[in-house]
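The data block below is my_file.cif; it holds mmCIF, C-alpha atoms (C1' of nucleotides).
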```cif
data_data
loop_
_atom_site.label_atom_id
_atom_site.label_comp_id
_atom_site.auth_asym_id
_atom_site.auth_seq_id
_atom_site.Cartn_x
_atom_site.Cartn_y
_atom_site.Cartn_z
CA MET A 1 15.73 -24.82 -19.17
CA PRO A 2 19.50 -24.54 -19.53
CA ASN A 3 20.16 -25.09 -23.19
CA ALA A 4 23.57 -25.57 -24.69
CA ASN A 5 24.04 -21.91 -25.52
CA HIS A 6 23.23 -20.42 -22.19
CA SER A 7 24.49 -22.99 -19.79
CA SER A 8 27.96 -22.37 -21.07
CA LEU A 9 27.62 -18.75 -20.07
CA LYS A 10 28.78 -17.89 -16.60
CA MET A 11 26.94 -14.90 -15.38
CA VAL A 12 26.60 -12.81 -12.23
CA PHE A 13 23.51 -10.76 -11.47
CA PHE A 14 23.63 -7.64 -9.28
CA GLY A 15 20.29 -6.41 -7.96
CA THR A 16 18.28 -5.82 -4.83
CA PRO A 17 14.61 -4.77 -4.95
CA LEU A 18 11.55 -6.21 -6.60
CA LEU A 19 12.39 -4.41 -9.80
CA ALA A 20 15.46 -6.60 -10.14
CA VAL A 21 13.42 -9.73 -9.49
CA TRP A 22 11.19 -8.92 -12.46
CA VAL A 23 14.26 -8.78 -14.64
CA LEU A 24 15.43 -12.09 -13.22
CA GLU A 25 12.07 -13.71 -13.85
CA GLU A 26 12.20 -12.78 -17.50
CA LEU A 27 15.76 -14.01 -17.77
CA GLU A 28 14.70 -17.30 -16.24
CA LYS A 29 11.83 -17.61 -18.70
CA GLY A 30 14.36 -17.09 -21.44
CA GLY A 31 16.52 -19.87 -20.09
CA ILE A 32 19.18 -17.66 -18.57
CA LEU A 33 20.08 -18.13 -14.93
CA PRO A 34 22.95 -16.45 -13.14
CA SER A 35 25.40 -18.69 -11.36
CA LEU A 36 25.87 -16.06 -8.68
CA VAL A 37 23.73 -13.25 -7.34
CA VAL A 38 25.07 -10.16 -5.60
CA THR A 39 22.59 -8.23 -3.50
CA ALA A 40 22.43 -5.81 -0.58
CA PRO A 41 22.62 -7.33 2.90
CA ASP A 42 19.52 -7.84 5.04
CA LYS A 43 18.12 -4.71 6.56
CA PRO A 44 15.60 -4.02 9.31
CA ALA A 45 12.23 -3.47 7.73
CA GLY A 46 8.57 -3.42 8.55
CA ARG A 47 6.78 -2.30 11.67
CA LYS A 48 8.79 -4.50 13.99
CA LEU A 49 12.06 -3.63 12.30
CA LEU A 50 12.83 -7.27 11.68
CA PHE A 51 15.81 -8.11 9.56
CA THR A 52 14.49 -8.76 6.11
CA PRO A 53 16.29 -10.25 3.12
CA SER A 54 16.14 -8.40 -0.18
CA PRO A 55 13.64 -9.67 -2.77
CA VAL A 56 16.53 -10.76 -4.97
CA LYS A 57 18.03 -12.76 -2.13
CA VAL A 58 14.74 -14.55 -1.56
CA TRP A 59 14.45 -15.29 -5.24
CA ALA A 60 17.96 -16.72 -5.38
CA GLN A 61 17.48 -18.80 -2.25
CA GLU A 62 14.37 -20.38 -3.72
CA ARG A 63 16.47 -21.54 -6.64
CA GLY A 64 19.55 -22.52 -4.75
CA ILE A 65 21.68 -19.91 -6.46
CA ARG A 66 24.80 -18.76 -4.69
CA ILE A 67 24.49 -15.37 -3.03
CA LEU A 68 26.98 -12.71 -2.05
CA GLU A 69 25.74 -9.80 0.02
CA PRO A 70 28.68 -7.54 0.71
CA GLU A 71 28.27 -4.43 2.83
CA LYS A 72 30.94 -2.77 0.74
CA LEU A 73 32.44 -3.66 -2.60
CA ASP A 74 35.91 -3.78 -1.10
CA ASP A 75 39.00 -5.83 -1.81
CA ASP A 76 37.66 -8.84 0.06
CA PHE A 77 34.59 -8.89 -2.09
CA ILE A 78 36.55 -8.40 -5.27
CA SER A 79 38.91 -11.23 -4.54
CA ALA A 80 35.94 -13.45 -3.71
CA LEU A 81 34.51 -12.64 -7.11
CA LYS A 82 37.78 -13.32 -8.82
CA THR A 83 38.00 -16.88 -7.59
CA GLU A 84 36.10 -17.80 -10.71
CA THR A 85 35.98 -16.41 -14.21
CA TYR A 86 32.79 -14.96 -15.56
CA ASP A 87 31.55 -14.11 -19.00
CA LEU A 88 29.09 -11.40 -18.12
CA PHE A 89 27.70 -9.32 -15.29
CA ILE A 90 24.22 -7.90 -15.31
CA VAL A 91 23.15 -5.05 -13.04
CA ALA A 92 19.58 -4.00 -12.32
CA ALA A 93 18.82 -1.71 -9.41
CA TYR A 94 21.63 -2.95 -7.25
CA GLY A 95 21.80 0.15 -5.11
CA LYS A 96 25.52 0.60 -4.89
CA LEU A 97 28.05 2.12 -7.23
CA ILE A 98 30.18 -0.57 -8.79
CA PRO A 99 33.91 0.18 -8.89
CA GLN A 100 35.93 -0.05 -12.06
CA GLU A 101 37.85 -2.99 -10.71
CA VAL A 102 34.68 -5.03 -10.66
CA LEU A 103 33.61 -3.78 -14.06
CA ASP A 104 36.86 -5.14 -15.44
CA ILE A 105 36.26 -8.69 -14.28
CA PRO A 106 33.86 -10.27 -16.78
CA LYS A 107 35.04 -11.08 -20.27
CA HIS A 108 32.07 -9.39 -21.94
CA GLY A 109 31.67 -6.47 -19.61
CA VAL A 110 28.81 -5.38 -17.39
CA LEU A 111 25.38 -4.71 -18.79
CA ASN A 112 22.94 -2.49 -16.95
CA VAL A 113 19.17 -2.29 -17.20
CA HIS A 114 18.02 1.28 -16.83
CA PRO A 115 14.31 2.13 -16.99
CA SER A 116 14.49 5.30 -19.06
CA LEU A 117 15.39 6.45 -22.54
CA LEU A 118 19.00 7.33 -21.83
CA PRO A 119 20.56 9.86 -21.90
CA GLN A 120 17.30 11.13 -20.48
CA PHE A 121 16.76 10.58 -16.76
CA ARG A 122 20.06 9.29 -15.57
CA GLY A 123 20.05 8.63 -11.85
CA ALA A 124 17.96 7.22 -9.07
CA SER A 125 14.32 7.78 -9.97
CA PRO A 126 13.81 7.49 -13.72
CA ILE A 127 10.40 5.85 -13.54
CA VAL A 128 8.83 8.28 -11.11
CA THR A 129 10.42 11.26 -12.80
CA ALA A 130 9.12 10.28 -16.22
CA ILE A 131 5.57 10.21 -14.88
CA LEU A 132 5.95 13.42 -12.88
CA SER A 133 7.36 15.39 -15.73
CA GLY A 134 4.49 14.53 -18.01
CA GLU A 135 6.45 12.59 -20.60
CA LYS A 136 4.45 10.92 -23.34
CA GLU A 137 6.86 8.05 -23.51
CA THR A 138 9.71 6.47 -21.68
CA GLY A 139 11.44 3.15 -22.08
CA THR A 140 14.14 0.75 -21.08
CA SER A 141 17.78 0.99 -22.00
CA ILE A 142 20.42 -1.71 -21.84
CA MET A 143 23.81 -0.11 -21.53
CA LEU A 144 27.37 -1.06 -20.94
CA LEU A 145 28.45 0.20 -17.55
CA ASP A 146 31.39 2.51 -17.36
CA ARG A 147 32.88 4.55 -14.59
CA GLN A 148 30.25 7.27 -14.57
CA MET A 149 26.65 6.83 -13.55
CA ASP A 150 24.34 5.78 -16.37
CA HIS A 151 26.87 7.13 -18.81
CA GLY A 152 28.02 4.12 -20.82
CA PRO A 153 27.18 3.30 -24.43
CA ILE A 154 23.73 1.96 -25.22
CA VAL A 155 23.33 -1.57 -26.49
CA ALA A 156 19.58 -1.57 -26.92
CA GLN A 157 16.64 0.65 -26.21
CA GLU A 158 12.89 0.23 -26.42
CA HIS A 159 10.12 2.80 -26.08
CA VAL A 160 6.98 2.57 -23.98
CA ASP A 161 3.99 4.86 -24.25
CA ILE A 162 2.99 6.48 -20.97
CA SER A 163 0.54 9.12 -22.17
CA ASP A 164 -2.09 7.42 -20.00
CA VAL A 165 -0.10 8.32 -16.85
CA PRO A 166 0.45 4.81 -15.44
CA LYS A 167 1.09 4.20 -11.77
CA ALA A 168 4.79 3.95 -11.03
CA SER A 169 4.48 0.46 -9.58
CA LYS A 170 2.89 -0.81 -12.76
CA LEU A 171 5.24 1.04 -15.06
CA GLY A 172 8.22 -0.20 -13.10
CA GLU A 173 7.21 -3.79 -13.57
CA ARG A 174 6.55 -3.24 -17.24
CA LEU A 175 9.91 -1.61 -17.87
CA ALA A 176 11.79 -4.17 -15.80
CA ARG A 177 10.21 -7.13 -17.56
CA LEU A 178 10.87 -5.44 -20.86
CA GLY A 179 14.49 -5.14 -19.81
CA GLY A 180 14.63 -8.82 -18.98
CA VAL A 181 13.18 -9.78 -22.34
CA MET A 182 15.60 -7.47 -24.12
CA LEU A 183 18.48 -9.12 -22.34
CA VAL A 184 17.31 -12.57 -23.29
CA ASN A 185 17.29 -11.49 -26.90
CA LEU A 186 20.54 -9.66 -26.98
CA ILE A 187 22.85 -11.60 -24.69
CA PRO A 188 23.62 -14.34 -27.24
CA LYS A 189 24.50 -11.75 -29.86
CA TRP A 190 26.35 -9.61 -27.39
CA VAL A 191 28.56 -12.43 -26.28
CA LEU A 192 29.40 -13.20 -29.88
CA GLY A 193 30.37 -9.59 -30.46
CA ASN A 194 27.59 -9.02 -32.96
CA LEU A 195 26.23 -5.91 -31.31
CA LYS A 196 27.95 -2.58 -31.30
CA PRO A 197 27.05 -0.22 -28.48
CA ARG A 198 26.18 3.34 -29.37
CA GLU A 199 27.70 6.21 -27.46
CA GLN A 200 25.13 8.34 -25.61
CA ASP A 201 24.62 11.92 -26.70
CA HIS A 202 25.99 13.36 -23.49
CA THR A 203 24.98 16.89 -24.36
CA ARG A 204 21.35 15.86 -24.00
CA ALA A 205 21.71 14.07 -20.68
CA THR A 206 19.23 14.86 -17.90
CA TYR A 207 19.36 13.67 -14.32
CA CYS A 208 16.90 12.74 -11.62
CA GLY A 209 17.65 12.54 -7.94
CA LYS A 210 16.32 10.48 -5.09
CA ILE A 211 12.75 10.92 -4.03
CA ALA A 212 12.25 12.16 -0.49
CA LYS A 213 9.39 11.41 1.83
CA GLU A 214 8.37 15.05 1.82
CA ASP A 215 7.88 14.98 -1.93
CA GLY A 216 4.68 13.07 -1.29
CA LEU A 217 3.03 15.98 0.48
CA ILE A 218 0.58 17.56 -1.89
CA ASN A 219 -1.38 20.74 -1.77
CA LEU A 220 -4.95 19.96 -2.77
CA SER A 221 -5.41 23.39 -4.30
CA ASP A 222 -2.46 22.91 -6.62
CA ASP A 223 -2.87 22.26 -10.32
CA PRO A 224 -5.07 19.15 -10.57
CA GLU A 225 -3.03 17.50 -13.28
CA LYS A 226 0.17 18.03 -11.37
CA ASN A 227 -1.36 16.45 -8.29
CA TYR A 228 -2.76 13.61 -10.31
CA ARG A 229 0.68 12.84 -11.69
CA LYS A 230 2.12 12.88 -8.20
CA ILE A 231 -0.51 10.47 -6.95
CA ARG A 232 0.25 8.10 -9.82
CA ALA A 233 4.01 8.52 -9.64
CA PHE A 234 4.27 8.11 -5.88
CA ASP A 235 1.79 5.25 -5.61
CA GLU A 236 4.40 2.87 -4.28
CA TRP A 237 6.56 5.27 -2.32
CA PRO A 238 6.37 7.74 -0.64
CA ARG A 239 2.70 7.97 -1.62
CA ALA A 240 0.83 11.22 -2.02
CA TYR A 241 -0.61 12.55 1.20
CA PHE A 242 -2.00 15.61 2.89
CA PHE A 243 -2.77 16.53 6.45
CA SER A 244 -6.19 16.84 7.98
CA GLU A 245 -7.73 17.59 11.32
CA ARG A 246 -9.65 14.83 13.03
CA LYS A 247 -10.96 15.16 16.55
CA GLY A 248 -8.46 17.92 17.16
CA LYS A 249 -5.57 15.75 16.03
CA LYS A 250 -3.51 16.39 12.96
CA ILE A 251 -3.47 13.22 10.93
CA ARG A 252 -1.75 12.12 7.78
CA VAL A 253 -4.06 11.07 5.00
CA VAL A 254 -2.64 9.03 2.17
CA ILE A 255 -4.36 9.24 -1.19
CA LYS A 256 -4.73 5.72 -2.47
CA ASP A 257 -6.61 6.43 -5.65
CA ALA A 258 -7.88 9.34 -7.67
CA ARG A 259 -8.85 10.24 -11.17
CA LEU A 260 -8.91 13.28 -13.36
CA GLU A 261 -12.38 14.33 -14.45
CA ASP A 262 -13.13 17.40 -16.53
CA GLY A 263 -9.84 18.89 -15.46
CA LYS A 264 -10.64 18.36 -11.82
CA LEU A 265 -8.97 16.01 -9.39
CA VAL A 266 -11.43 13.53 -7.96
CA ILE A 267 -10.05 11.65 -4.97
CA THR A 268 -11.70 8.26 -4.59
CA LYS A 269 -9.79 6.19 -2.04
CA VAL A 270 -8.00 7.46 0.97
CA LEU A 271 -6.05 5.96 3.88
CA PRO A 272 -6.19 8.07 7.04
CA GLU A 273 -3.57 7.47 9.67
CA GLY A 274 -4.80 4.96 12.23
CA LYS A 275 -7.72 3.85 10.08
CA ARG A 276 -8.05 1.55 7.16
CA GLU A 277 -8.54 2.42 3.57
CA MET A 278 -11.91 4.03 2.87
CA ASP A 279 -13.87 5.94 0.27
CA TYR A 280 -13.01 9.61 0.24
CA ILE A 281 -16.70 10.41 0.52
CA ASP A 282 -16.92 8.54 3.81
CA PHE A 283 -13.79 10.19 5.07
CA GLN A 284 -15.20 13.63 4.41
CA ARG A 285 -18.56 12.80 5.89
CA ASN A 286 -17.10 12.05 9.27
CA LEU A 287 -14.50 14.70 9.78
"C1'" C B 1 10.98 -6.13 23.20
"C1'" G B 2 12.03 0.75 18.15
"C1'" C B 3 7.50 4.66 18.60
"C1'" G B 4 2.25 5.41 17.94
"C1'" G B 5 -3.14 5.01 16.20
"C1'" G B 6 -7.22 1.50 15.52
"C1'" G B 7 -10.79 -3.02 15.20
"C1'" U B 8 -19.14 -1.40 17.07
"C1'" G B 9 -24.97 -3.99 11.74
"C1'" G B 10 -23.18 -3.97 4.42
"C1'" A B 11 -19.97 1.37 4.49
"C1'" G B 12 -18.35 5.45 7.79
"C1'" G B 13 -18.81 7.06 12.74
"C1'" A B 14 -20.88 8.09 18.25
"C1'" G B 15 -20.87 5.54 22.78
"C1'" U B 16 -14.98 5.51 29.44
"C1'" G B 17 -20.09 -0.05 34.03
"C1'" G B 18 -26.67 -0.06 33.75
"C1'" U B 19 -32.11 -1.25 27.54
"C1'" A B 20 -26.21 -0.05 22.03
"C1'" C B 21 -27.08 5.39 18.91
"C1'" C B 22 -26.27 8.47 14.21
"C1'" U B 23 -25.47 9.12 8.80
"C1'" C B 24 -25.44 6.27 4.33
"C1'" A B 25 -26.71 1.66 1.90
"C1'" C B 26 -30.40 -2.57 1.97
"C1'" G B 27 -35.90 -4.99 2.44
"C1'" A B 28 -41.31 -3.92 2.74
"C1'" G B 29 -45.25 -0.34 2.33
"C1'" G B 30 -46.86 4.70 1.11
"C1'" C B 31 -46.80 9.55 -1.38
"C1'" U B 32 -45.58 11.63 -6.24
"C1'" C B 33 -46.08 13.18 -13.40
"C1'" A B 34 -41.33 12.41 -11.54
"C1'" U B 35 -36.45 11.60 -8.21
"C1'" A B 36 -29.73 9.43 -5.41
"C1'" A B 37 -36.61 13.33 -2.95
"C1'" C B 38 -40.05 12.59 1.14
"C1'" C B 39 -43.10 9.62 4.97
"C1'" U B 40 -43.91 4.81 7.54
"C1'" U B 41 -41.76 0.36 8.73
"C1'" G B 42 -38.14 -3.89 8.84
"C1'" A B 43 -33.67 -6.86 9.02
"C1'" G B 44 -28.81 -6.47 10.54
"C1'" A B 45 -23.16 -5.23 14.90
"C1'" C B 46 -19.57 -4.57 19.73
"C1'" G B 47 -12.30 -9.12 16.27
"C1'" C B 48 -11.15 -13.75 19.60
"C1'" C B 49 -10.35 -16.02 24.62
"C1'" G B 50 -10.27 -15.53 29.70
"C1'" G B 51 -10.78 -12.31 34.24
"C1'" U B 52 -13.10 -8.44 37.62
"C1'" U B 53 -18.45 -7.19 38.54
"C1'" C B 54 -25.16 -7.91 40.48
"C1'" G B 55 -24.16 -6.03 35.56
"C1'" A B 56 -18.64 -5.16 30.51
"C1'" G B 57 -18.71 -2.13 23.85
"C1'" U B 58 -16.89 0.37 28.20
"C1'" C B 59 -12.16 -2.00 33.42
"C1'" C B 60 -7.88 -5.99 33.59
"C1'" G B 61 -4.76 -9.98 31.08
"C1'" G B 62 -3.55 -12.82 26.65
"C1'" C B 63 -4.19 -13.59 21.26
"C1'" C B 64 -5.42 -12.30 16.12
"C1'" C B 65 -5.91 -8.55 12.38
"C1'" C B 66 -5.43 -3.38 10.15
"C1'" C B 67 -2.85 1.31 9.79
"C1'" G B 68 0.79 5.86 10.61
"C1'" C B 69 6.10 6.70 11.98
"C1'" A B 70 10.67 4.38 11.31
"C1'" A B 71 13.89 1.39 7.69
#
```

Translate the structure described by the file into structure tokens.
Amino acid sequence: MPNANHSSLKMVFFGTPLLAVWVLEELEKGGILPSLVVTAPDKPAGRKLLFTPSPVKVWAQERGIRILEPEKLDDDFISALKTETYDLFIVAAYGKLIPQEVLDIPKHGVLNVHPSLLPQFRGASPIVTAILSGEKETGTSIMLLDRQMDHGPIVAQEHVDISDVPKASKLGERLARLGGVMLVNLIPKWVLGNLKPREQDHTRATYCGKIAKEDGLINLSDDPEKNYRKIRAFDEWPRAYFFSERKGKKIRVVIKDARLEDGKLVITKVLPEGKREMDYIDFQRNL
RNA sequence: CGCGGGGUGGAGGAGUGGUACCUCACGAGGCUCAUAACCUUGAGACGCCGGUUCGAGUCCGGCCCCCGCAA
């Protein structure tokens, strides 16, 4: 797997969630492995609030790759990074803002995978926002990180059709893998200086914020298409839900699946609080 | 020990100590020009282990699994 070209490249990968693992998997397929991975520290997760390592950490452990998981990107961390010299950093959904001092370390800069057609949808939720806003297409951008968020010049960009309103989980994987493949193709050229980044048209920049739990609450009498987009966009988190009355108790009902039929929203699968997933028909029958 | 809800025929639900019931689906037969209709009829279940009891789906203890909150 390590061929002469790539093994000579010393690279650090910054990332945390599953999205970042997809990028890593494509890099690995392309024969590119980081020599160090930086990820967020373990956090309590799950019903028992057990400390859980990030997906990227698990991935790196399985391959025996060195891991740094700083709480803060402070001086200690920076000096730890500087004990070696690196050619390139790659960032994909790391979760923390990376200070200029770190950006200055690698010889060939810091490349970022961003799942949108920058300058559109800078920020935290580009995938979900693209689906919600009814875009016909989105894509993946590889950009050179600078001091401002998602602001640096674009090295490469590819479009993806989303007129079929994909689920966010599926679209996320597609865009992340695309990003990994793009990196595999462009890193060799990039390192040789054969690619010139293109400044973003900052006047056309749009931004998307974090999704909140409450965003998943939908009003069933709202516009069907709008609700359908929410269900698809929030399929991973926070999930579209509404409240219902059951035996005098107010319960949360998560919509697991639905489709749009003749301009009407047809809910098919539902997950009521305290129960398991069931057909919406059955749920209604036994209210 | 973070908080809480739940596991009953194939699906969804009733049933807080005394023969397990309902709706839907399924099999057989019938009726009908016809039916996701109707009538008759049939098969099929209490997550697992132990305890209390004359008797446990129901009470007690342990285990497994599912889900909501939280992160």

Next on the checklist: Just the number, please: distance in Å from CA of Tyr228 (chain A) to CA of Lys256 (chain A), one decimal.
Outcome noted: 11.3 Å

Next on the checklist: Every residue with an atom at most 8 Å from (21.0, -5.6, -27.9) (file coordinates; all atoms listed in the file) is what I'm after, so could you write them as a ChimeraX atom specification?
Outcome noted: /A:142,155-157,182-183,185-187,189-190,195

Next on the checklist: Please find the residues of chain A near chain B - the criterion being any atom within 7 Å, counting all atoms listed in the file - and write them as a PyMOL selection string.
Outcome noted: chain A and resi 44-45+273-276+282+286

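Going from CA of Pro166 (chain A) over to CA of Val58 (chain A), you cover 27.8 Å.
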
Checklist outcome for this item: Atom pair CA of Arg174 (chain A) + CA of Arg198 (chain A), distance 24.0 Å

Checklist entry - Quick one: which residues end up in the PyMOL selection byres ((chain B and resi 39-51) around 6) for this structure, as a ChimeraX atom specification? => result /B:8-9,38,52,57

Item to check | Selection result for the PyMOL selection byres ((chain A and resi 260) around 12) on this file, as a ChimeraX atom specification | outcome: /A:164-165,223-229,231-232,257-259,261-268

Item to check | For Lys210 (chain A): contacts at 12 Å, all atoms listed in the file, fewer than 4 positions along chain excluded, given as a list in words | outcome: Gly95, Phe121, Arg122, Gly123, Ala124, Ser125, Pro126, Ile127, Val128, Thr129, Glu214, Asp215, Trp237 and Pro238 of chain A

Pull out region 3-24 of chain B, keep N, CA and C atoms (P, O5', C5', C4', C3', O3' and C1' of nucleotides), and write it as a CSV table (one decimal), in the first residue's frame.
```
chain,number,residue,atom,x,y,z
B,3,C,P,-29.9,7.1,37.7
B,3,C,O5',-31.1,7.9,37.0
B,3,C,C5',-31.6,9.1,37.6
B,3,C,C4',-32.6,9.7,36.7
B,3,C,C3',-33.7,8.7,36.2
B,3,C,O3',-34.7,8.5,37.2
B,3,C,C1',-32.9,9.9,34.4
B,4,G,P,-35.4,7.0,37.3
B,4,G,O5',-36.3,6.9,36.0
B,4,G,C5',-37.4,7.7,35.9
B,4,G,C4',-37.9,7.7,34.4
B,4,G,C3',-38.5,6.4,33.9
B,4,G,O3',-39.8,6.1,34.4
B,4,G,C1',-37.1,7.3,32.3
B,5,G,P,-40.4,4.6,34.4
B,5,G,O5',-40.7,4.4,32.8
B,5,G,C5',-41.8,5.1,32.2
B,5,G,C4',-41.9,4.7,30.8
B,5,G,C3',-42.2,3.2,30.5
B,5,G,O3',-43.5,2.9,30.6
B,5,G,C1',-40.4,4.0,29.1
B,6,G,P,-43.9,1.4,31.2
B,6,G,O5',-43.4,0.4,30.0
B,6,G,C5',-43.9,0.4,28.8
B,6,G,C4',-43.1,-0.4,27.8
B,6,G,C3',-43.1,-1.9,28.0
B,6,G,O3',-44.3,-2.5,27.6
B,6,G,C1',-41.0,-1.1,27.3
B,7,G,P,-44.4,-4.2,27.8
B,7,G,O5',-43.7,-4.6,26.4
B,7,G,C5',-44.0,-5.8,25.7
B,7,G,C4',-42.7,-6.3,25.1
B,7,G,C3',-42.6,-7.8,25.3
B,7,G,O3',-42.7,-8.5,24.0
B,7,G,C1',-40.5,-6.7,25.9
B,8,U,P,-44.0,-8.6,23.2
B,8,U,O5',-44.9,-9.4,24.2
B,8,U,C5',-44.6,-10.7,24.5
B,8,U,C4',-45.9,-11.5,24.7
B,8,U,C3',-46.8,-11.5,23.5
B,8,U,O3',-46.4,-12.5,22.5
B,8,U,C1',-48.1,-11.1,25.4
B,9,G,P,-45.8,-12.1,21.2
B,9,G,O5',-46.1,-13.3,20.3
B,9,G,C5',-47.0,-13.2,19.2
B,9,G,C4',-47.5,-14.7,18.8
B,9,G,C3',-47.7,-14.9,17.4
B,9,G,O3',-46.9,-16.0,16.9
B,9,G,C1',-49.5,-15.6,18.6
B,10,G,P,-45.4,-15.7,16.5
B,10,G,O5',-45.6,-15.0,15.1
B,10,G,C5',-44.4,-14.8,14.2
B,10,G,C4',-44.8,-13.8,13.2
B,10,G,C3',-45.2,-12.4,13.7
B,10,G,O3',-44.1,-11.6,14.0
B,10,G,C1',-46.8,-13.1,12.1
B,11,A,P,-44.2,-10.4,15.1
B,11,A,O5',-45.2,-9.4,14.3
B,11,A,C5',-44.6,-8.4,13.4
B,11,A,C4',-45.6,-7.3,13.2
B,11,A,C3',-46.1,-6.6,14.5
B,11,A,O3',-45.1,-5.6,14.9
B,11,A,C1',-47.9,-7.1,13.1
B,12,G,P,-45.1,-5.3,16.5
B,12,G,O5',-46.4,-4.5,16.7
B,12,G,C5',-46.6,-3.2,16.1
B,12,G,C4',-48.0,-2.7,16.4
B,12,G,C3',-48.3,-2.6,17.9
B,12,G,O3',-47.7,-1.5,18.5
B,12,G,C1',-50.1,-3.6,16.8
B,13,G,P,-47.6,-1.3,20.1
B,13,G,O5',-49.1,-1.3,20.5
B,13,G,C5',-49.5,-1.7,21.8
B,13,G,C4',-51.0,-1.9,21.8
B,13,G,C3',-51.5,-2.3,23.2
B,13,G,O3',-51.7,-1.2,24.0
B,13,G,C1',-52.5,-3.6,21.4
B,14,A,P,-51.7,-1.5,25.6
B,14,A,O5',-53.0,-2.4,25.7
B,14,A,C5',-53.6,-2.5,26.9
B,14,A,C4',-55.0,-3.1,26.8
B,14,A,C3',-55.3,-3.9,28.1
B,14,A,O3',-55.8,-3.0,29.1
B,14,A,C1',-55.8,-5.2,26.2
B,15,G,P,-54.8,-2.8,30.4
B,15,G,O5',-54.9,-4.2,31.1
B,15,G,C5',-56.2,-4.7,31.4
B,15,G,C4',-56.2,-6.2,31.5
B,15,G,C3',-55.2,-6.7,32.5
B,15,G,O3',-55.8,-6.7,33.8
B,15,G,C1',-55.0,-8.0,30.5
B,16,U,P,-55.3,-5.7,35.0
B,16,U,O5',-55.0,-6.7,36.2
B,16,U,C5',-53.9,-7.6,36.2
B,16,U,C4',-53.1,-7.4,37.4
B,16,U,C3',-53.8,-7.2,38.7
B,16,U,O3',-54.2,-8.4,39.3
B,16,U,C1',-52.1,-5.6,38.5
B,17,G,P,-54.6,-8.6,40.9
B,17,G,O5',-54.1,-10.1,41.1
B,17,G,C5',-53.7,-10.8,39.9
B,17,G,C4',-53.9,-12.2,40.1
B,17,G,C3',-55.0,-12.5,41.0
B,17,G,O3',-56.3,-12.7,40.4
B,17,G,C1',-53.1,-13.9,41.5
B,18,G,P,-56.7,-13.1,38.9
B,18,G,O5',-56.7,-14.7,38.9
B,18,G,C5',-56.2,-15.4,37.7
B,18,G,C4',-56.8,-16.8,37.6
B,18,G,C3',-58.3,-16.8,37.3
B,18,G,O3',-58.5,-17.8,36.3
B,18,G,C1',-57.8,-17.9,39.4
B,19,U,P,-59.1,-17.5,34.9
B,19,U,O5',-59.1,-18.9,34.3
B,19,U,C5',-58.0,-19.8,34.4
B,19,U,C4',-57.8,-20.7,33.2
B,19,U,C3',-57.7,-19.8,31.9
B,19,U,O3',-56.9,-20.5,31.0
B,19,U,C1',-59.7,-21.1,31.9
B,20,A,P,-56.1,-19.8,30.0
B,20,A,O5',-57.0,-18.5,29.9
B,20,A,C5',-57.5,-18.0,28.6
B,20,A,C4',-57.1,-16.6,28.5
B,20,A,C3',-57.1,-16.1,27.1
B,20,A,O3',-58.3,-15.7,26.6
B,20,A,C1',-55.1,-15.4,28.2
B,21,C,P,-58.8,-16.3,25.3
B,21,C,O5',-59.5,-15.0,24.6
B,21,C,C5',-60.5,-14.3,25.4
B,21,C,C4',-60.4,-12.8,25.2
B,21,C,C3',-60.3,-12.4,23.7
B,21,C,O3',-61.5,-12.3,23.1
B,21,C,C1',-58.7,-11.2,25.1
B,22,C,P,-61.5,-12.4,21.5
B,22,C,O5',-61.1,-10.9,21.1
B,22,C,C5',-61.9,-9.8,21.4
B,22,C,C4',-61.3,-8.5,21.0
B,22,C,C3',-60.9,-8.4,19.5
B,22,C,O3',-62.0,-8.1,18.7
B,22,C,C1',-59.1,-7.5,20.8
B,23,U,P,-62.0,-8.6,17.2
B,23,U,O5',-61.0,-7.6,16.5
B,23,U,C5',-61.4,-6.2,16.3
B,23,U,C4',-60.2,-5.5,15.7
B,23,U,C3',-59.7,-6.1,14.4
B,23,U,O3',-60.4,-5.7,13.2
B,23,U,C1',-57.9,-5.5,15.8
B,24,C,P,-60.5,-6.7,12.0
B,24,C,O5',-58.9,-6.8,11.5
B,24,C,C5',-58.4,-5.6,10.8
B,24,C,C4',-57.0,-5.8,10.5
B,24,C,C3',-56.6,-7.0,9.7
B,24,C,O3',-56.8,-6.8,8.3
B,24,C,C1',-55.1,-6.8,11.5
```
